Amino acid sequence: MGRKVLATPRSFGTGSQGAADLLARRGFDLRLNPYGRILTKAEMIREIRDAEAVIVGVDPLDREVLSQAERLKLISKYGVGTDNIDAAYAAQRGIRITTTVGANTEAVADYAFTLMLAAARRVIPIDRACRRGDWTKTLTVDVHGSTLGLIGLGHIGKAVARRAKGFDMKIMAYDHLRDEDFAVRHGITYVDTLQTLIEQADFVSLHLPLNEHTRHLIGPREFETMKESAVLINTARGGLIDETAMLDALKAGRIWGAGLDVFEREPPDLEDLHTLDNLVIGSHCAASTRHAVENMGMMAVRNVIQHLCGEEG
């Protein structure tokens, strides 16, 4: 029996056996998620108890879970968001945390733009109507030539910006860390306040981590000051948006629409999500392409090998 590595992401290894084979060749015993969904805390405690490393998605790794993982040496994040991990307690225990920066950038940017187009052009309700035999014309809003506001201009925000240039969009960005060279090369205007972006953008797309400073960054005040034709896109973390305020805004028609791939609780338990025609929802699947899944799996496994074996994968 080899050294145990627990992998919880449901997409891990679905496109290729390469990552699993790499672990096997180094003598590791890979255990996959047996539930086919995000693990609960109790399940995570049970599965992680004798693991030396965990390749984790959005499953809970708080202090209570980590305190039961006495052999754990490494948390290899399958992605980049670490808000589900008690990083301070992990550091206290000497548990390393790694991420797969860049592995899914293009896939997530593609999906963000997909949500943008689908929400703006009411693709889902038009499709449903056509299947019922209703060929009524639906008036929608333009993407081409409109203003895109990016909250967060990191790897994924930049990839979305590159796509937006193909639609001749005017791009503004709000970020505390500025890449002025990239902004100049791509015609992006940085704004000094979030409120400026919220008031001026036709499309608002979120690309930043979830923490105590960004939780419910988009709330009642922001929805009140958005354009009535505005579309909100979120492929980052559900907690960035006050979902109650968002649903109120969508039902009242205060904004045109929203496209969400992430929610505070997944799956969400908000009934209105299933009835609103101005909302497009996804199952946290923006990174679920064959190429991105293989990239994340291989990078996550190489992080395990590098930190537990002291060698490159």
# chains A, B, ... in the order shown; residues from 1 in each chain; ligands from 1
>>> residues_around(residues="Phe167 of chain A", least_positions_apart="5", cutoff="12 Å", atoms="only C-alpha atoms", output="short mmCIF file (atom, residue, chain, number, x, y, z; two decimals) with N, CA and C atoms, in the first residue's frame")
data_model
loop_
_atom_site.label_atom_id
_atom_site.label_comp_id
_atom_site.auth_asym_id
_atom_site.auth_seq_id
_atom_site.Cartn_x
_atom_site.Cartn_y
_atom_site.Cartn_z
N PHE A 113 -17.20 34.67 -21.09
CA PHE A 113 -17.73 35.33 -22.28
C PHE A 113 -18.98 34.63 -22.78
N MET A 116 -21.73 35.92 -20.74
CA MET A 116 -22.00 37.30 -21.14
C MET A 116 -22.92 37.35 -22.35
N LEU A 117 -22.58 36.57 -23.36
CA LEU A 117 -23.38 36.54 -24.57
C LEU A 117 -24.77 35.93 -24.33
N ASP A 142 -26.95 44.66 -26.89
CA ASP A 142 -25.73 44.41 -27.66
C ASP A 142 -24.54 44.14 -26.74
N VAL A 143 -23.64 43.29 -27.24
CA VAL A 143 -22.33 43.10 -26.61
C VAL A 143 -21.30 43.93 -27.37
N HIS A 144 -21.32 43.85 -28.69
CA HIS A 144 -20.37 44.58 -29.52
C HIS A 144 -20.43 46.07 -29.22
N GLY A 145 -19.26 46.66 -28.99
CA GLY A 145 -19.17 48.10 -28.80
C GLY A 145 -19.59 48.60 -27.44
N SER A 146 -19.99 47.72 -26.55
CA SER A 146 -20.44 48.15 -25.21
C SER A 146 -19.24 48.26 -24.27
N THR A 147 -19.50 48.62 -23.03
CA THR A 147 -18.43 48.83 -22.05
C THR A 147 -18.37 47.66 -21.08
N LEU A 148 -17.20 47.06 -20.99
CA LEU A 148 -16.96 45.95 -20.07
C LEU A 148 -16.19 46.44 -18.86
N VAL A 160 -10.16 37.53 -20.41
CA VAL A 160 -11.47 38.04 -20.81
C VAL A 160 -11.30 39.35 -21.59
N ALA A 161 -10.39 40.20 -21.14
CA ALA A 161 -10.14 41.46 -21.84
C ALA A 161 -9.68 41.22 -23.27
N ARG A 162 -8.81 40.23 -23.46
CA ARG A 162 -8.34 39.94 -24.83
C ARG A 162 -9.50 39.52 -25.72
#
>>> select_by_dssp(residues="segment 33-145 of chain A", states="strand (DSSP E)", output="ChimeraX atom specification")
/A:53-56,74-77,96-98
>>> closest_residue(among="A:Asp110, A:Gly219, A:Leu260, A:Glu224", to="Ala245 of chain A", atoms="only C-alpha atoms")
A:Gly219
>>> residues_around(residues="Thr99 of chain A", least_positions_apart="5", cutoff="9 Å", atoms="only C-alpha atoms", output="ChimeraX atom specification")
/A:75-82,299-300,303
>>> residues_around(residues="Leu276 of chain A", least_positions_apart="3", cutoff="8 Å", atoms="only C-alpha atoms", output="list of chain:residue names")
A:Leu250, A:Lys251, A:Asp272, A:Leu273, A:Leu279
>>> closest_residue(among="A:Leu30, A:Ala159, A:Val191, A:Ile55", to="Ala173 of chain A", atoms="only C-alpha atoms")
A:Val191
>>> closest_residue(among="A:Val304, A:Leu61, A:Leu177, A:Met298", to="Phe12 of chain A", atoms="only C-alpha atoms")
A:Met298
>>> residues_around(residues="Ala20 of chain A", least_positions_apart="4", cutoff="10 Å", atoms="only C-alpha atoms", output="PDB file with N, CA and C atoms, in the first residue's frame")
ATOM      1  N   ALA A   7      -7.899  12.762  -3.859  1.00  0.00           N
ATOM      2  CA  ALA A   7      -8.276  13.749  -4.879  1.00  0.00           C
ATOM      3  C   ALA A   7      -9.792  13.902  -4.865  1.00  0.00           C
ATOM      4  N   PHE A  12     -11.294  15.359 -11.823  1.00  0.00           N
ATOM      5  CA  PHE A  12      -9.901  14.902 -11.805  1.00  0.00           C
ATOM      6  C   PHE A  12      -9.769  13.570 -12.546  1.00  0.00           C
ATOM      7  N   GLY A  13      -8.896  13.552 -13.536  1.00  0.00           N
ATOM      8  CA  GLY A  13      -8.627  12.314 -14.259  1.00  0.00           C
ATOM      9  C   GLY A  13      -9.669  11.905 -15.276  1.00  0.00           C
ATOM     10  N   SER A  16      -7.988  12.166 -18.920  1.00  0.00           N
ATOM     11  CA  SER A  16      -6.764  11.421 -19.176  1.00  0.00           C
ATOM     12  C   SER A  16      -6.318  10.727 -17.898  1.00  0.00           C
ATOM     13  N   ALA A  24       1.032   6.929  -9.543  1.00  0.00           N
ATOM     14  CA  ALA A  24       1.263   5.487  -9.363  1.00  0.00           C
ATOM     15  C   ALA A  24       2.732   5.144  -9.561  1.00  0.00           C
ATOM     16  N   ARG A  25       3.372   5.767 -10.545  1.00  0.00           N
ATOM     17  CA  ARG A  25       4.788   5.477 -10.811  1.00  0.00           C
ATOM     18  C   ARG A  25       5.686   5.927  -9.673  1.00  0.00           C
ATOM     19  N   PHE A  28       2.474   6.248  -5.064  1.00  0.00           N
ATOM     20  CA  PHE A  28       1.370   6.809  -4.284  1.00  0.00           C
ATOM     21  C   PHE A  28       0.087   6.011  -4.506  1.00  0.00           C
ATOM     22  N   ASP A  29      -0.731   5.958  -3.480  1.00  0.00           N
ATOM     23  CA  ASP A  29      -2.044   5.308  -3.534  1.00  0.00           C
ATOM     24  C   ASP A  29      -3.097   6.400  -3.697  1.00  0.00           C
ATOM     25  N   LEU A  30      -3.625   6.540  -4.900  1.00  0.00           N
ATOM     26  CA  LEU A  30      -4.592   7.597  -5.191  1.00  0.00           C
ATOM     27  C   LEU A  30      -5.990   7.140  -4.829  1.00  0.00           C
ATOM     28  N   ARG A  31      -6.689   7.936  -4.039  1.00  0.00           N
ATOM     29  CA  ARG A  31      -8.087   7.686  -3.702  1.00  0.00           C
ATOM     30  C   ARG A  31      -8.929   8.814  -4.285  1.00  0.00           C
ATOM     31  N   LEU A  32      -9.938   8.464  -5.068  1.00  0.00           N
ATOM     32  CA  LEU A  32     -10.799   9.456  -5.702  1.00  0.00           C
ATOM     33  C   LEU A  32     -12.054   9.712  -4.875  1.00  0.00           C
ATOM     34  N   GLY A 297      -5.043  18.754 -13.449  1.00  0.00           N
ATOM     35  CA  GLY A 297      -4.676  17.474 -12.853  1.00  0.00           C
ATOM     36  C   GLY A 297      -3.178  17.253 -12.856  1.00  0.00           C
ATOM     37  N   MET A 298      -2.532  17.493 -13.991  1.00  0.00           N
ATOM     38  CA  MET A 298      -1.094  17.281 -14.084  1.00  0.00           C
ATOM     39  C   MET A 298      -0.329  18.253 -13.194  1.00  0.00           C
ATOM     40  N   VAL A 301      -0.774  17.220  -9.507  1.00  0.00           N
ATOM     41  CA  VAL A 301       0.015  16.023  -9.207  1.00  0.00           C
ATOM     42  C   VAL A 301       1.501  16.355  -9.155  1.00  0.00           C
TER      43      VAL A 301
END
>>> closest_residue(among="A:Leu270, A:Ala258, A:Ile241, A:Ala236", to="Ile218 of chain A", atoms="only C-alpha atoms")
A:Ile241
>>> residues_around(residues="Glu212 of chain A", least_positions_apart="3", cutoff="10 Å", atoms="only C-alpha atoms", output="list in words")
Asp83, Pro209, Arg215, His216, Leu217 and Leu240 of chain A
>>> write_last_selection(atoms="C-alpha atoms", output="short mmCIF file (atom, residue, chain, number, x, y, z; two decimals), in the first residue's frame")
data_model
loop_
_atom_site.label_atom_id
_atom_site.label_comp_id
_atom_site.auth_asym_id
_atom_site.auth_seq_id
_atom_site.Cartn_x
_atom_site.Cartn_y
_atom_site.Cartn_z
CA ASP A 83 -11.12 30.44 0.44
CA PRO A 209 -10.61 35.98 -4.74
CA ARG A 215 -17.44 39.06 0.53
CA HIS A 216 -20.71 40.57 -0.79
CA LEU A 217 -18.70 43.14 -2.73
CA LEU A 240 -18.64 37.96 -3.93
#
>>> closest_residue(among="A:Val108, A:Ala119, A:Leu6, A:Ala103", to="Asp59 of chain A", atoms="only C-alpha atoms")
A:Leu6
